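J.: Could you have a look at this structure, given as C-alpha cells, before my questions?
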Amino acid sequence: MNRYFIYIPFLIKQFLFHFVSLNTFRKRYSGNFKAKGDFFLKYNDEHQLLPTSVVSLTKEIQILYGCGSVRKISDFEIIDKRMLKKMISDTDYYKKISFKDSLATSGSTGNPLQVPVDREFLKYKFASSYFFKEIHGSGIKTKSGNFFGRKIFSVNQEKPPFWIYSIFTNQLLFSQYHLNEKTIGFYIKSISKYKLKTIHGYPSVLVIFSELVRKANLITELHNLKISNITVGSETLTDNQRKFIEDTFNCPVFNFYGQTESVVDIFECEKGSLHINEAFSYVELIKTEDDMVYQLVGTQLKNEKFPLIRYNTGDLVEYDPNFVCSCGRTSRVVSKIIGRNEDFIILKNNSKIGRLDHIFKNTGNIIESQIIQRKKGEAIFKIVKSELFMDKDQMTLERNIKEILGDDFLFSFDYCDNIQKSKNGKLKQVINLINVAESNLINHNLNL
C-alpha cells in the first residue's frame, strides 16, 4: 500500500494522510498518554525494577523464555539479537501469541527484527520521548518538523512539496531523500510557512541539511526563523556534528537515545548530560575490557506482547559512576554513547541519503548486512543470509533499494558467511569510501 501512496497526486496524498495522522494520534497520544508523560516528568530518576524483581510468568514469557517457575531478573542470562531471533524461531513465538501492532527494526547491525507491541505500551514508549522534548520546551503541542526515514514521495520527484503535514500530531514530515542543492531553498521556505519552532531528525541528515544551507548562503534566512532547538536520535551524535548543526540553526541540539526493542532510553537534560531514564526500564551497564566503556543491557516488561529480559542492545557507552549532574536528577549519567555512527550514500545527483536501515525492513531472513560505496550512484550490499532466505527476500531488497535510492542506482549483492566487525564488536552498516572529502569539508568549516 505504501508503494502506491508514494506515487498518487499530492492533494489526494495529503487528504489521505490526515486519516493516517488521526490513526497515529489514537495509537500513540490519546487516552492516558499525558498521564504517562507526567509519570516520566516526576519519576524518571527512580528505579521501577531491580535485579531482585520477580518476573511474572505471563503466557508470553513462558513461551519465549521456556520458564516453568518464577525467576528474578538476575536469574536470566543476557541475550543479544541473534539469540533472541533463534528463541523466536525455536518457539514459533509470533504464531503462538496474538498481536495487532508491531514495530520493525534492522538496527545498527543490519539484523532485522519484528517487535510486537500493545497499544498501552506504544503510549508508554512515546510518552518517554515526549517527556524528553517537554523538558526542552518542545512538547506535543509545539509545531515541529521531522526528517523521518519513511518514503512518502518518489525519489525521482524534482519539484516541491517534499513534505506532508500531520495535522493531529502537529508535525511537518520532511522527506530526507530529496535534500540537495536545488531543493534546499524550498525546505527553508516551508519551515517559515508552517512556523516551525523545533526540528527532529537523524544527526547525519541534519548535517547534510546544514551543509546545503551553507553552500546556498541561506544561514541568515535560517537564523531569522528562530528555531528554538533541534532534537536528534537513532544515531550517535558526534561533537563535530553538534557544533556544525548548532552553528547553522543558531540554537541548541539535544540528544535522545532509544531503540525499537525499547529496553533503554537515554535523554539529554537541560545541562547537557545524558541521563538514563531509570523509570522506563531496568538498565544494566556491563563493564568491557576498555576503561570506562560499558555494554547497554536492558529489561522491558511493560510491553506484554514482547517482554525482553536482559537484552544486550549491542551499543556501548562511556560511564563514570562518580559523576553527578548539576540538573538535580539522581539517575545515572553516561558521558558518551558509542555506536550508531553511519555514513550516507551519495546518489548521482549528489543527494546524500542516510539512515538506510529502512532498506532491510520486511526482510527478516537476513542475519547481518553492510553497504559499501566506492562511486557515486553505486554500492555493494554485503549480506549474511539465514537458512530461510529465499528469492522473495532478494526481490524485496531490490524493490526497497530502488524505492529509496532510485531506479538509476546501481547495486550488487555480495553474499558472505560473515562481515568483519570493529574492535568493539560493532558492525558499521554503511562504509562510504568516497566520503573522506565530505568529512574534511565539515571539519574545515568548523575551524573557520
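Every chain in the C-alpha cells takes a letter, A first, then B, and so on in the order presented; its residues are numbered from 1, and the ligands are numbered from 1 following the presented order.
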Can you list, as a ChimeraX atom specification, every protein, DNA or RNA residue that comes within 8 Å of stretch 389-395 of chain A when you count only C-alpha atoms, leaving out same-chain residues fewer than 6 positions away?
T.: /A:363,365-366
J.: Write a file of the just-selected residues containing C-alpha atoms, as a short mmCIF file (atom, residue, chain, number, x, y, z; two decimals), in the first residue's frame.
T.:
data_model
loop_
_atom_site.label_atom_id
_atom_site.label_comp_id
_atom_site.auth_asym_id
_atom_site.auth_seq_id
_atom_site.Cartn_x
_atom_site.Cartn_y
_atom_site.Cartn_z
CA THR A 363 13.45 -8.88 5.11
CA ASN A 365 15.79 -13.73 6.89
CA ILE A 366 18.96 -11.66 6.91
#
J.: Identify all residues of stretch 33-202 of chain A in helix (DSSP H, G or I) (DSSP on the backbone) and supply them as a PyMOL selection string.
T.: chain A and resi 33-43+59-65+73-75+81-91+93-96+119-134+176-178+184-193
J.: Check the smallest atom-to-atom distance from each of A:Arg71, A:Lys243, A:Arg119, A:Lys336 to A:Asp320 using only C-alpha atoms, then report the winner.
T.: A:Lys336
J.: Fewer than 5 positions away in the same chain doesn't count, so skip those; otherwise give me all residues within 12 Å of A:Tyr187, counting only C-alpha atoms, as an MDAnalysis selection string.
T.: chainID A and resid 145:147 159:164 172:176 178:182 192:194 196 209:210 212:213 218 221:222
J.: Apply DSSP to the structure's backbone, then extract all residues of stretch 262-317 of chain A labelled strand (DSSP E or B) and return them as JSON, numbers by chain.
T.: {"A": [266, 267, 268, 274, 275, 276, 282, 283, 284, 285, 286, 287, 293, 294, 295, 296, 297, 298, 299, 300, 308, 309, 310, 311, 312, 313, 314, 315, 316, 317]}
J.: With only C-alpha atoms as the basis for distance, which of A:Ile345, A:Phe168, A:Pro112, A:Asp265 is at the shortest distance from A:Ser204?
T.: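 Among the listed residues, A:Ile345 lies closest to A:Ser204.
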J.: What's around A:Phe99 at 9 Å? Count only C-alpha atoms, leave out sequence neighbours fewer than 2 positions away in its own chain, and write the answer as a list in words.
T.: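 Returned residues: Tyr94, Ile97, Asp101, Ser102, Pro116, Val117, Asp118 and Lys305 of chain A.
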J.: Taking 5 positions as the minimum chain separation for residues in the same chain, which residues sit within 10 Å of A:Val232 when counting only C-alpha atoms? Answer as a PDB file with C-alpha atoms, in the first residue's frame.
T.:
ATOM      1  CA  ASN A 146      10.572  15.890  11.450  1.00  0.00           C
ATOM      2  CA  PHE A 147      13.057  14.443   8.964  1.00  0.00           C
ATOM      3  CA  ILE A 199      13.034  20.165  14.328  1.00  0.00           C
ATOM      4  CA  HIS A 200      13.847  16.500  14.894  1.00  0.00           C
ATOM      5  CA  GLY A 201      15.952  14.195  12.748  1.00  0.00           C
ATOM      6  CA  TYR A 202      18.930  11.914  12.393  1.00  0.00           C
ATOM      7  CA  PRO A 203      22.241  13.751  13.000  1.00  0.00           C
ATOM      8  CA  SER A 204      23.591  12.665   9.605  1.00  0.00           C
ATOM      9  CA  VAL A 205      20.552  14.140   7.802  1.00  0.00           C
ATOM     10  CA  LEU A 206      20.732  17.427   9.718  1.00  0.00           C
ATOM     11  CA  LEU A 237      25.790  12.437  17.733  1.00  0.00           C
ATOM     12  CA  ARG A 242      26.556  19.008  17.234  1.00  0.00           C
ATOM     13  CA  VAL A 253      20.899  20.475  19.911  1.00  0.00           C
ATOM     14  CA  PHE A 254      19.580  17.873  22.386  1.00  0.00           C
ATOM     15  CA  ASN A 255      20.173  14.155  22.028  1.00  0.00           C
ATOM     16  CA  PHE A 256      17.837  11.210  22.689  1.00  0.00           C
ATOM     17  CA  TYR A 257      18.808   7.547  22.538  1.00  0.00           C
TER      18      TYR A 257
END
J.: Contacts of A:Glu77 at 10 Å or less, counting only C-alpha atoms, minus same-chain residues fewer than 5 places along, as JSON, numbers by chain?
T.: {"A": [309, 310, 311]}
J.: Tell me, as number ranges by chain, which residues lie within 7 Å of A:Ile371, counting only C-alpha atoms; anything in the same chain fewer than 3 positions away does not count.
T.: A: 379-382, 429-431
J.: Okay, now the selection with C-alpha atoms, as a CSV table (one decimal), in the first residue's frame?
T.:
chain,number,residue,atom,x,y,z
A,379,ALA,CA,27.0,0.4,-3.9
A,380,ILE,CA,27.7,-3.2,-2.9
A,381,PHE,CA,25.4,-4.8,-0.4
A,382,LYS,CA,27.1,-7.5,1.7
A,429,GLN,CA,26.1,-0.6,8.4
A,430,VAL,CA,27.4,1.9,5.9
A,431,ILE,CA,31.0,2.3,4.7
J.: Out of A:Phe360, A:Glu261, A:Ile167, A:Ile184, which residue has the shortest atom-to-atom distance to A:Phe15 when counting only C-alpha atoms?
T.: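 Under the stated criterion, the closest residue is A:Ile167.
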J.: Can you measure atom CA of A:Ser281 to atom CA of A:Val263 for me? One decimal in Å is fine.
T.: 6.0 Å
J.: Using only C-alpha atoms, what table do you get, as CSV, when you list each residue of stretch 253-286 of chain A with an atom no more than 8 Å from stretch 291-296 of chain A, its nearest pair of atoms, and their distance in Å rounded to one decimal, rows by chain then rising number?
T.:
residue,atom,partner,partner_atom,distance
A:Val264,CA,A:Leu296,CA,7.7
A:Val283,CA,A:Leu296,CA,7.1
A:Glu284,CA,A:Leu296,CA,6.3
A:Leu285,CA,A:Leu296,CA,5.4
A:Ile286,CA,A:Gln295,CA,4.9
J.: Rank A:Tyr282, A:Glu403, A:Leu274, A:Lys143 by their smallest atom-to-atom distance to A:Cys327, using only C-alpha atoms, and report the top residue only.
T.: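 The answer is A:Leu274, which sits nearest to A:Cys327.
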